[in-house]
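Enquirer: Here you go, coords.cif (mmCIF, C-alpha atoms and all ligand atoms):
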```
data_my_file
#
loop_
_atom_site.label_atom_id
_atom_site.label_comp_id
_atom_site.auth_asym_id
_atom_site.auth_seq_id
_atom_site.Cartn_x
_atom_site.Cartn_y
_atom_site.Cartn_z
CA MET N 1 0.00 0.00 0.00
CA GLN N 2 1.21 3.52 -0.82
CA ASN N 3 1.87 6.18 1.83
CA ILE N 4 1.65 9.76 0.53
CA LEU N 5 2.29 13.13 2.18
CA ILE N 6 0.32 16.20 1.02
CA VAL N 7 1.38 19.79 1.79
CA GLY N 8 -1.43 22.38 1.76
CA SER N 9 -5.11 22.12 2.57
CA GLY N 10 -6.86 24.38 0.04
CA LEU N 11 -8.92 23.12 -2.91
CA ALA N 12 -5.88 21.36 -4.42
CA GLY N 13 -4.82 19.61 -1.19
CA ILE N 14 -8.38 18.67 -0.18
CA SER N 15 -9.25 17.26 -3.59
CA ILE N 16 -6.11 15.15 -4.04
CA ILE N 17 -6.17 13.81 -0.48
CA ASP N 18 -9.84 12.88 -0.90
CA GLN N 19 -9.10 11.03 -4.14
CA LEU N 20 -6.35 9.09 -2.36
CA ILE N 21 -8.48 8.31 0.72
CA GLN N 22 -11.25 7.00 -1.59
CA ARG N 23 -8.70 4.63 -3.13
CA GLY N 24 -7.55 3.35 0.27
CA VAL N 25 -4.12 5.03 0.18
CA ARG N 26 -2.42 5.90 3.49
CA VAL N 27 -2.08 9.69 3.65
CA ALA N 28 -0.84 12.49 5.87
CA MET N 29 -1.29 16.23 5.39
CA ILE N 30 0.76 19.17 6.63
CA SER N 31 -0.80 22.60 6.38
CA ASP N 32 -0.44 25.92 8.13
CA LEU N 33 -4.09 26.60 8.95
CA SER N 34 -3.36 30.05 10.35
CA ALA N 35 -1.89 31.34 7.05
CA PRO N 36 -4.18 33.09 4.55
CA SER N 37 -5.28 30.82 1.72
CA SER N 38 -6.86 31.35 -1.68
CA THR N 39 -9.61 28.82 -0.97
CA LYS N 40 -10.68 30.43 2.32
CA VAL N 41 -11.56 33.70 0.53
CA ALA N 42 -12.67 32.28 -2.85
CA THR N 43 -16.14 33.33 -3.96
CA GLY N 44 -16.53 29.82 -5.32
CA MET N 45 -18.49 30.62 -8.48
CA PHE N 46 -18.42 28.23 -11.42
CA ASN N 47 -19.41 29.47 -14.85
CA PRO N 48 -19.27 27.34 -18.02
CA ILE N 49 -18.87 30.43 -20.23
CA VAL N 50 -15.97 32.88 -20.67
CA PHE N 51 -17.81 36.17 -21.15
CA ARG N 52 -15.21 38.13 -23.10
CA ARG N 53 -15.10 35.86 -26.16
CA LEU N 54 -18.22 33.86 -25.39
CA ASN N 55 -16.28 30.61 -25.49
CA LYS N 56 -16.87 27.63 -23.31
CA THR N 57 -14.69 27.41 -20.19
CA TRP N 58 -11.73 25.14 -20.97
CA MET N 59 -12.76 21.43 -20.87
CA ILE N 60 -16.16 22.29 -19.39
CA ASP N 61 -17.95 19.37 -21.07
CA GLU N 62 -15.47 16.94 -19.46
CA VAL N 63 -15.10 18.56 -16.01
CA LEU N 64 -18.71 19.36 -15.08
CA SER N 65 -19.81 15.82 -14.29
CA SER N 66 -16.75 15.06 -12.14
CA MET N 67 -17.31 18.40 -10.34
CA ASN N 68 -20.92 17.49 -9.54
CA ALA N 69 -20.05 13.99 -8.32
CA PHE N 70 -17.08 15.21 -6.29
CA TYR N 71 -18.88 17.90 -4.25
CA LYS N 72 -21.86 15.59 -3.71
CA SER N 73 -19.59 12.95 -2.22
CA LEU N 74 -17.85 15.55 0.00
CA GLU N 75 -21.23 16.86 1.19
CA LYS N 76 -22.13 13.35 2.35
CA LYS N 77 -18.80 12.90 4.07
CA ILE N 78 -18.78 16.19 6.01
CA GLY N 79 -22.55 16.75 6.40
CA ALA N 80 -22.63 20.28 4.95
CA THR N 81 -24.14 21.78 1.80
CA LEU N 82 -21.33 22.88 -0.49
CA LYS N 83 -22.65 23.28 -4.05
CA THR N 84 -25.65 25.36 -5.12
CA GLU N 85 -26.82 25.97 -8.69
CA LEU N 86 -27.61 29.63 -9.38
CA ARG N 87 -29.13 31.54 -12.25
CA LEU N 88 -26.43 33.74 -13.77
CA PHE N 89 -27.34 36.80 -15.86
CA LYS N 90 -24.82 38.70 -17.95
CA HIS N 91 -25.54 42.38 -18.52
CA ILE N 92 -25.43 43.01 -22.30
CA SER N 93 -23.84 46.40 -22.78
CA SER N 94 -23.75 46.81 -26.60
CA ASN N 95 -25.60 45.79 -29.74
CA ASP N 96 -22.57 43.93 -31.09
CA TYR N 97 -22.36 41.84 -27.91
CA LEU N 98 -26.11 41.19 -28.03
CA GLU N 99 -25.86 39.87 -31.60
CA PHE N 100 -22.82 37.78 -30.68
CA TRP N 101 -24.60 36.31 -27.64
CA ASN N 102 -27.72 35.38 -29.61
CA LYS N 103 -25.63 33.86 -32.41
CA ARG N 104 -23.78 31.71 -29.88
CA ALA N 105 -27.02 30.74 -28.12
CA ASP N 106 -28.23 29.43 -31.50
CA GLU N 107 -25.21 27.12 -31.95
CA SER N 108 -25.99 23.55 -30.95
CA GLU N 109 -22.88 23.11 -28.77
CA PHE N 110 -23.92 26.13 -26.64
CA ASP N 111 -27.50 24.90 -26.31
CA GLU N 112 -27.04 23.53 -22.83
CA TYR N 113 -25.27 26.67 -21.53
CA LEU N 114 -26.80 29.84 -23.07
CA ILE N 115 -30.28 31.39 -23.24
CA PRO N 116 -30.87 34.23 -25.74
CA VAL N 117 -30.93 37.83 -24.46
CA LYS N 118 -34.06 39.19 -22.80
CA LYS N 119 -34.30 42.81 -21.59
CA SER N 120 -30.51 43.48 -21.76
CA PHE N 121 -29.54 40.27 -19.95
CA GLY N 122 -28.28 36.95 -21.33
CA GLU N 123 -28.66 33.93 -19.05
CA VAL N 124 -26.06 31.20 -18.48
CA LYS N 125 -27.22 27.72 -17.53
CA LYS N 126 -25.32 25.25 -15.30
CA ALA N 127 -23.62 28.01 -13.25
CA GLY N 128 -23.48 28.16 -9.47
CA TRP N 129 -21.20 28.35 -6.49
CA VAL N 130 -19.38 26.16 -3.99
CA ASP N 131 -19.10 27.34 -0.39
CA CYS N 132 -15.30 27.18 -0.17
CA SER N 133 -15.15 28.51 3.37
CA ALA N 134 -17.49 25.74 4.60
CA LEU N 135 -15.46 23.22 2.59
CA CYS N 136 -12.24 24.24 4.38
CA THR N 137 -13.73 24.39 7.89
CA ASN N 138 -15.59 21.09 7.64
CA TYR N 139 -13.06 19.08 5.66
CA HIS N 140 -10.21 20.21 7.92
CA SER N 141 -12.22 19.06 10.99
CA TYR N 142 -12.86 15.72 9.26
CA LEU N 143 -9.13 15.25 8.59
CA ILE N 144 -8.19 16.32 12.12
CA GLN N 145 -10.66 13.77 13.53
CA LEU N 146 -9.03 11.07 11.40
CA GLY N 147 -5.62 12.17 12.74
CA ILE N 148 -4.43 12.95 9.21
CA LEU N 149 -3.97 16.75 9.28
CA ARG N 150 -1.10 18.38 11.11
CA ASN N 151 -1.44 22.13 11.58
CA GLU N 152 2.15 23.29 11.08
CA LYS N 153 4.47 24.97 8.59
CA PHE N 154 6.34 22.59 6.28
CA ASP N 155 10.09 22.72 6.82
CA PHE N 156 11.98 22.19 3.53
CA ALA N 157 15.26 21.60 5.38
CA GLN N 158 13.74 18.34 6.73
CA LEU N 159 12.87 16.92 3.28
CA ALA N 160 15.14 14.48 1.46
CA SER N 161 14.70 12.42 -1.71
CA ILE N 162 15.62 8.81 -1.05
CA LYS N 163 15.52 5.69 -3.19
CA ASP N 164 11.86 4.92 -4.05
CA GLY N 165 10.41 7.74 -1.95
CA ILE N 166 11.04 10.68 0.33
CA LYS N 167 11.97 11.21 3.96
CA TYR N 168 10.44 14.05 5.98
CA ARG N 169 11.92 14.46 9.47
CA ASP N 170 12.08 10.81 10.61
CA GLU N 171 9.16 9.52 8.50
CA TYR N 172 9.24 7.74 5.14
CA PHE N 173 6.67 8.25 2.35
CA ASP N 174 6.34 6.84 -1.16
CA ALA N 175 5.70 10.35 -2.51
CA ILE N 176 4.96 13.94 -1.52
CA VAL N 177 2.50 16.25 -3.32
CA PHE N 178 2.92 19.99 -2.87
CA CYS N 179 -0.43 21.84 -3.01
CA GLU N 180 0.72 25.19 -1.67
CA GLY N 181 -1.31 27.50 -3.89
CA PRO N 182 0.29 30.95 -4.19
CA TYR N 183 3.05 30.01 -1.71
CA ALA N 184 4.63 27.74 -4.33
CA ILE N 185 6.60 30.68 -5.69
CA ASP N 186 8.93 30.12 -2.70
CA ASN N 187 9.10 26.30 -2.99
CA PRO N 188 12.77 25.42 -3.68
CA TYR N 189 11.67 22.48 -5.90
CA PHE N 190 9.09 24.28 -8.03
CA LYS N 191 9.80 28.01 -8.00
CA TRP N 192 11.15 27.76 -11.58
CA LEU N 193 7.58 27.27 -12.86
CA PRO N 194 6.09 30.42 -14.43
CA PHE N 195 3.49 31.36 -11.81
CA LYS N 196 1.40 34.46 -12.40
CA VAL N 197 -0.23 35.17 -9.07
CA ALA N 198 -3.38 37.31 -9.41
CA LYS N 199 -4.70 39.24 -6.45
CA GLY N 200 -8.47 39.47 -6.01
CA ASP N 201 -10.66 41.61 -3.75
CA TRP N 202 -14.37 41.39 -2.98
CA VAL N 203 -16.72 43.48 -0.86
CA VAL N 204 -20.11 42.78 0.70
CA ILE N 205 -22.59 45.67 0.67
CA GLU N 206 -25.93 46.08 2.41
CA THR N 207 -28.56 48.02 0.46
CA GLU N 208 -31.47 49.92 1.97
CA LYS N 209 -33.97 48.17 -0.30
CA ASP N 210 -34.15 44.60 -1.59
CA LEU N 211 -32.83 44.55 -5.20
CA LYS N 212 -35.14 41.60 -5.95
CA LEU N 213 -32.54 39.75 -8.04
CA LYS N 214 -33.48 36.40 -9.60
CA GLY N 215 -29.87 35.25 -9.50
CA VAL N 216 -26.30 36.52 -9.86
CA ILE N 217 -25.87 39.56 -12.12
CA ASN N 218 -22.56 39.93 -13.94
CA ASN N 219 -21.55 43.41 -15.01
CA ILE N 220 -17.75 42.99 -15.19
CA VAL N 221 -17.97 41.81 -11.56
CA ASN N 222 -20.59 39.49 -10.08
CA VAL N 223 -23.37 40.88 -7.87
CA ILE N 224 -24.28 37.88 -5.73
CA PRO N 225 -27.39 38.02 -3.52
CA LEU N 226 -26.60 36.72 -0.01
CA GLY N 227 -30.01 37.42 1.61
CA ASN N 228 -31.11 40.19 4.03
CA ASN N 229 -30.30 42.90 1.43
CA ARG N 230 -26.64 41.87 1.39
CA TYR N 231 -24.75 41.42 -1.89
CA LYS N 232 -21.23 40.25 -2.58
CA LEU N 233 -19.44 42.19 -5.36
CA SER N 234 -16.76 39.82 -6.63
CA SER N 235 -14.04 40.14 -7.67
CA THR N 236 -11.10 42.17 -9.05
CA PHE N 237 -7.94 40.99 -10.85
CA GLU N 238 -4.63 42.68 -10.07
CA TRP N 239 -1.41 41.24 -11.53
CA GLU N 240 1.34 43.24 -9.88
CA SER N 241 0.57 42.64 -6.20
CA SER N 242 1.69 39.82 -3.94
CA SER N 243 0.04 41.21 -0.81
CA TRP N 244 -2.86 39.36 0.85
CA ALA N 245 -4.13 42.61 2.43
CA PRO N 246 -7.33 44.23 1.04
CA ASN N 247 -6.69 46.97 -1.51
CA LYS N 248 -8.74 50.16 -1.14
CA ASN N 249 -8.49 50.92 -4.88
CA ALA N 250 -10.22 47.64 -5.67
CA THR N 251 -13.32 48.82 -3.76
CA LYS N 252 -13.72 51.68 -6.21
CA LYS N 253 -13.71 49.32 -9.21
CA LEU N 254 -16.22 46.96 -7.60
CA LEU N 255 -18.60 49.75 -6.60
CA GLU N 256 -18.39 51.46 -10.01
CA ALA N 257 -19.49 48.23 -11.71
CA PHE N 258 -22.39 47.94 -9.24
CA GLU N 259 -23.46 51.59 -9.60
CA GLU N 260 -23.60 51.28 -13.39
CA LEU N 261 -26.67 49.07 -12.93
CA PHE N 262 -28.15 50.01 -9.55
CA SER N 263 -28.95 53.38 -7.98
CA GLU N 264 -29.94 52.11 -4.48
CA SER N 265 -27.92 53.43 -1.55
CA TYR N 266 -25.76 50.96 0.38
CA ALA N 267 -23.06 50.56 3.03
CA ILE N 268 -19.95 48.35 2.79
CA VAL N 269 -20.05 45.67 5.47
CA ASP N 270 -17.07 43.47 4.54
CA HIS N 271 -13.96 43.62 2.35
CA GLN N 272 -11.57 40.68 1.81
CA SER N 273 -8.84 39.71 -0.58
CA GLY N 274 -6.52 36.91 -1.56
CA LEU N 275 -4.08 35.63 -4.16
CA ARG N 276 -5.02 33.25 -6.99
CA PRO N 277 -2.32 30.70 -7.90
CA SER N 278 -2.39 31.16 -11.68
CA ALA N 279 -0.12 29.63 -14.30
CA SER N 280 1.28 31.74 -17.14
CA ASP N 281 -0.61 29.62 -19.71
CA ARG N 282 -3.70 29.28 -17.49
CA ARG N 283 -3.47 25.52 -17.26
CA PRO N 284 -2.93 23.62 -14.00
CA TYR N 285 0.49 22.38 -12.92
CA LEU N 286 0.63 18.63 -12.32
CA GLY N 287 3.42 16.11 -12.14
CA PRO N 288 6.75 15.07 -10.68
CA HIS N 289 9.84 17.25 -10.30
CA PRO N 290 12.22 16.62 -13.26
CA ARG N 291 15.03 15.36 -10.99
CA HIS N 292 13.09 14.09 -7.96
CA PRO N 293 10.47 11.67 -9.31
CA LYS N 294 8.70 11.23 -5.96
CA ILE N 295 8.20 14.97 -5.36
CA TYR N 296 4.99 16.15 -7.07
CA ILE N 297 3.08 19.36 -7.52
CA PHE N 298 -0.66 20.06 -7.91
CA ASN N 299 -1.17 23.78 -8.43
CA GLY N 300 -1.98 26.52 -10.96
CA LEU N 301 -5.76 26.33 -10.46
CA GLY N 302 -5.97 30.11 -11.02
CA SER N 303 -9.48 31.53 -10.96
CA LYS N 304 -11.12 28.17 -11.79
CA GLY N 305 -10.23 26.06 -8.77
CA VAL N 306 -13.81 24.99 -8.09
CA ILE N 307 -14.27 23.52 -11.57
CA LEU N 308 -10.76 22.18 -12.17
CA ALA N 309 -9.76 20.66 -8.80
CA PRO N 310 -12.14 17.63 -8.89
CA TYR N 311 -11.23 16.49 -12.42
CA PHE N 312 -7.49 17.09 -12.18
CA SER N 313 -7.11 15.61 -8.70
CA ASN N 314 -8.57 12.42 -10.16
CA HIS N 315 -6.19 12.71 -13.11
CA LEU N 316 -3.21 13.12 -10.77
CA ALA N 317 -4.34 10.23 -8.54
CA GLU N 318 -4.51 7.95 -11.60
CA HIS N 319 -1.03 9.06 -12.59
CA LEU N 320 0.39 8.57 -9.08
CA LEU N 321 -1.15 5.18 -8.45
CA GLU N 322 -1.65 3.63 -11.88
CA LYS N 323 1.11 5.42 -13.84
CA LYS N 324 -1.45 6.77 -16.33
CA PRO N 325 0.20 9.46 -18.50
CA LEU N 326 -0.58 13.10 -17.71
CA MET N 327 -2.25 15.30 -20.32
CA PRO N 328 0.54 17.35 -21.95
CA GLU N 329 -1.43 20.62 -21.35
CA VAL N 330 -1.23 20.14 -17.55
CA ASP N 331 2.04 18.19 -17.20
CA ILE N 332 4.76 20.50 -15.80
CA ASN N 333 7.08 18.85 -18.26
CA ARG N 334 5.79 21.42 -20.77
CA HIS N 335 8.19 23.85 -19.03
CA ILE N 336 11.21 21.52 -19.06
CA LYS N 337 13.38 23.98 -21.03
CA ARG N 338 12.74 26.59 -18.37
CA TYR N 339 13.71 24.09 -15.66
CA ARG N 340 16.98 23.21 -17.46
CA GLU N 341 17.89 26.88 -17.73
CA TYR N 342 17.03 27.42 -14.05
CA ALA N 343 19.14 24.39 -13.03
CA ARG N 344 22.07 25.57 -15.18
CA MET N 345 21.97 29.08 -13.67
CA SER N 346 21.71 27.63 -10.13
CA GLU N 347 24.82 25.51 -10.75
CA ILE N 348 26.76 28.53 -12.06
CA SER N 349 25.84 30.70 -9.09
CA SER N 350 26.46 28.07 -6.38
C1 LIG K 401 -10.76 36.85 -4.18
C2 LIG K 401 -10.77 35.50 -4.85
C3 LIG K 401 -11.92 35.03 -5.44
C4 LIG K 401 -11.94 33.79 -6.08
N1 LIG K 401 -13.11 33.35 -6.62
C5 LIG K 401 -13.14 32.15 -7.23
C6 LIG K 401 -14.35 31.68 -7.81
O1 LIG K 401 -15.38 32.37 -7.77
N2 LIG K 401 -14.34 30.45 -8.41
C7 LIG K 401 -13.21 29.67 -8.46
O2 LIG K 401 -13.26 28.57 -9.02
N3 LIG K 401 -12.04 30.12 -7.93
C8 LIG K 401 -11.99 31.32 -7.32
N4 LIG K 401 -10.82 31.77 -6.78
C9 LIG K 401 -9.60 30.94 -7.00
C10 LIG K 401 -9.52 29.79 -6.00
O3 LIG K 401 -9.52 30.34 -4.73
C11 LIG K 401 -8.22 29.00 -6.26
O4 LIG K 401 -8.24 28.45 -7.55
C12 LIG K 401 -8.05 27.85 -5.26
O5 LIG K 401 -8.54 28.18 -4.01
C13 LIG K 401 -6.59 27.46 -5.15
O6 LIG K 401 -6.47 26.44 -4.20
P1 LIG K 401 -5.05 25.91 -3.74
O7 LIG K 401 -5.29 24.74 -2.88
O8 LIG K 401 -4.16 25.75 -4.91
O9 LIG K 401 -4.41 27.12 -2.87
P2 LIG K 401 -4.77 27.61 -1.40
O10 LIG K 401 -6.21 27.58 -1.16
O11 LIG K 401 -4.08 28.93 -1.19
O12 LIG K 401 -4.12 26.53 -0.45
C14 LIG K 401 -2.74 26.49 -0.20
C15 LIG K 401 -2.54 25.89 1.18
O13 LIG K 401 -1.17 25.54 1.36
C16 LIG K 401 -0.76 25.89 2.66
N5 LIG K 401 0.69 26.06 2.64
C17 LIG K 401 1.44 26.68 1.68
N6 LIG K 401 2.75 26.60 1.99
C18 LIG K 401 2.81 25.91 3.17
C19 LIG K 401 3.89 25.50 4.00
N7 LIG K 401 5.19 25.75 3.70
N8 LIG K 401 3.61 24.83 5.14
C20 LIG K 401 2.33 24.54 5.47
N9 LIG K 401 1.27 24.89 4.70
C21 LIG K 401 1.52 25.57 3.57
C22 LIG K 401 -1.52 27.18 2.93
O14 LIG K 401 -1.61 27.44 4.31
C23 LIG K 401 -2.88 26.87 2.29
O15 LIG K 401 -3.70 26.19 3.21
C24 LIG K 401 -10.77 32.99 -6.12
C25 LIG K 401 -9.61 33.45 -5.50
C26 LIG K 401 -9.59 34.69 -4.87
C27 LIG K 401 -8.33 35.15 -4.21
#
```
Using structure tokens, write down the structure from this file.

Expert:
Amino acid sequence: MQNILIVGSGLAGISIIDQLIQRGVRVAMISDLSAPSSTKVATGMFNPIVFRRLNKTWMIDEVLSSMNAFYKSLEKKIGATLKTELRLFKHISSNDYLEFWNKRADESEFDEYLIPVKKSFGEVKKAGWVDCSALCTNYHSYLIQLGILRNEKFDFAQLASIKDGIKYRDEYFDAIVFCEGPYAIDNPYFKWLPFKVAKGDWVVIETEKDLKLKGVINNIVNVIPLGNNRYKLSSTFEWESSSWAPNKNATKKLLEAFEELFSESYAIVDHQSGLRPSASDRRPYLGPHPRHPKIYIFNGLGSKGVILAPYFSNHLAEHLLEKKPLMPEVDINRHIKRYREYARMSEISS
């Protein structure tokens, strides 16, 4: 039987450890639960359509069914509701976009995802959200009860590659999988990968009157009804920042997008932010380190963690346990030239 160590307990860590537990693998997880994490602040929306070009979200036809099955099985395990389907309405701001939307809605392959425009709004089918905060709280408790999760910082100085596995402190494992989200930019084994961390902010406002929304409204940002006249405005994208702290300038952008559609008065009641672990080519990072075959990474979920984590954790589990080949689009081997250059430079400077 295999024995695998996972580092990180966000969407990536939770999904891969769950896949391994389901297959009867012995697992342990190390995660610093006090550190900010992308998953803890994620809005958790899933949307099968990319609004800018009105394309389908990458691999949506393949990933949707594994997403549905995965969250259903987690809900059973932890006894909490995680996934909710929502109506999602896109504000149509120009005639060109309206024509484009209706043309797409007519195409047979978009049939199951798009409804033609009515009264300046196009509707997306099969959208919704996953309560990522509840997922973290409940799944972490479940792992702690099983004695699997250790709340501590991983110490790289204690890790060694050995024949047929790894050693961490005085324990032996067949493999280790790093699921550190945005912190991977400091991982000595994987920092050569081209990460493109994207900061995101969201605010919650409380309006004086009920906006009577039938679902989520997207006007650049999402206006998500939370009940009791509260609405989450989510979220911004900022590429130059690596700070987890809320950014006051982001509030302005979020509120401007809201005020374009609504004139009701409101007060801000919450403001949070986080970093998305994005890859330069917007595809996840999966696979073993080029020189340490038992040291793996599962990362690069970017702004689509909710949709991608279930499918690709299964993909990685099949690779780890059954040696199934990884899809070239997600295999970190696609950056092997970059790794060789990094290794060459490291040798020169050491
Ligand atoms: C504002 C915002 C809104 C978002 N909205 C959405 C959305 O609507 N839909 C969607 O699909 N995605 C959304 N995302 C993206 C989503 O959050 C990410 O895709 C996903 O959460 C990434 O999960 P992860 O496990 O890779 O990283 P994380 O959730 O950050 O997990 C990394 C974990 O590793 C631990 N860790 C790292 N290094 C160490 C170490 N050395 N020792 C111990 N522990 C360590 C951290 O403590 C953390 O628990 C959003 C992100 C942000 C910031």

Enquirer: Can you work out which residues are within 7 Å of ligand LIG 401 (chain K), considering all atoms listed in the file, and then hand them over as a ChimeraX atom specification?

Expert: /N:7-13,30-46,152-155,179-184,199-202,234-235,273-277,299-307

Enquirer: Nearest to N:Arg340: which of N:Ile115, N:Ile148, N:Cys132, N:Pro290 is it, counting all atoms listed in the file?

Expert: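 Between N:Ile115, N:Ile148, N:Cys132, N:Pro290, the residue approaching N:Arg340 most closely is N:Pro290.
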
Enquirer: With only C-alpha atoms as the counted atoms, please give the residues lying no more than 9 Å from N:Lys214, apart from itself and same-chain residues fewer than 6 positions off, as a list in words.

Expert: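 Near neighbours after the sequence-gap exclusion: Leu86, Arg87, Leu88, Phe89 and Pro225 of chain N.
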
Enquirer: Out of N:Met29, N:Val216, N:Leu114, N:Val63, which residue has the shortest atom-to-atom distance to N:Ser313 when counting all atoms listed in the file?

Expert: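 Nearest to N:Ser313: N:Val63.
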
Enquirer: Between N:Tyr231, N:Phe51, N:Trp244, N:Tyr71, which one has atoms that come closest to N:Gln19, using all atoms listed in the file?

Expert: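 Of N:Tyr231, N:Phe51, N:Trp244, N:Tyr71, the one nearest N:Gln19, counting all atoms listed in the file, is N:Tyr71.
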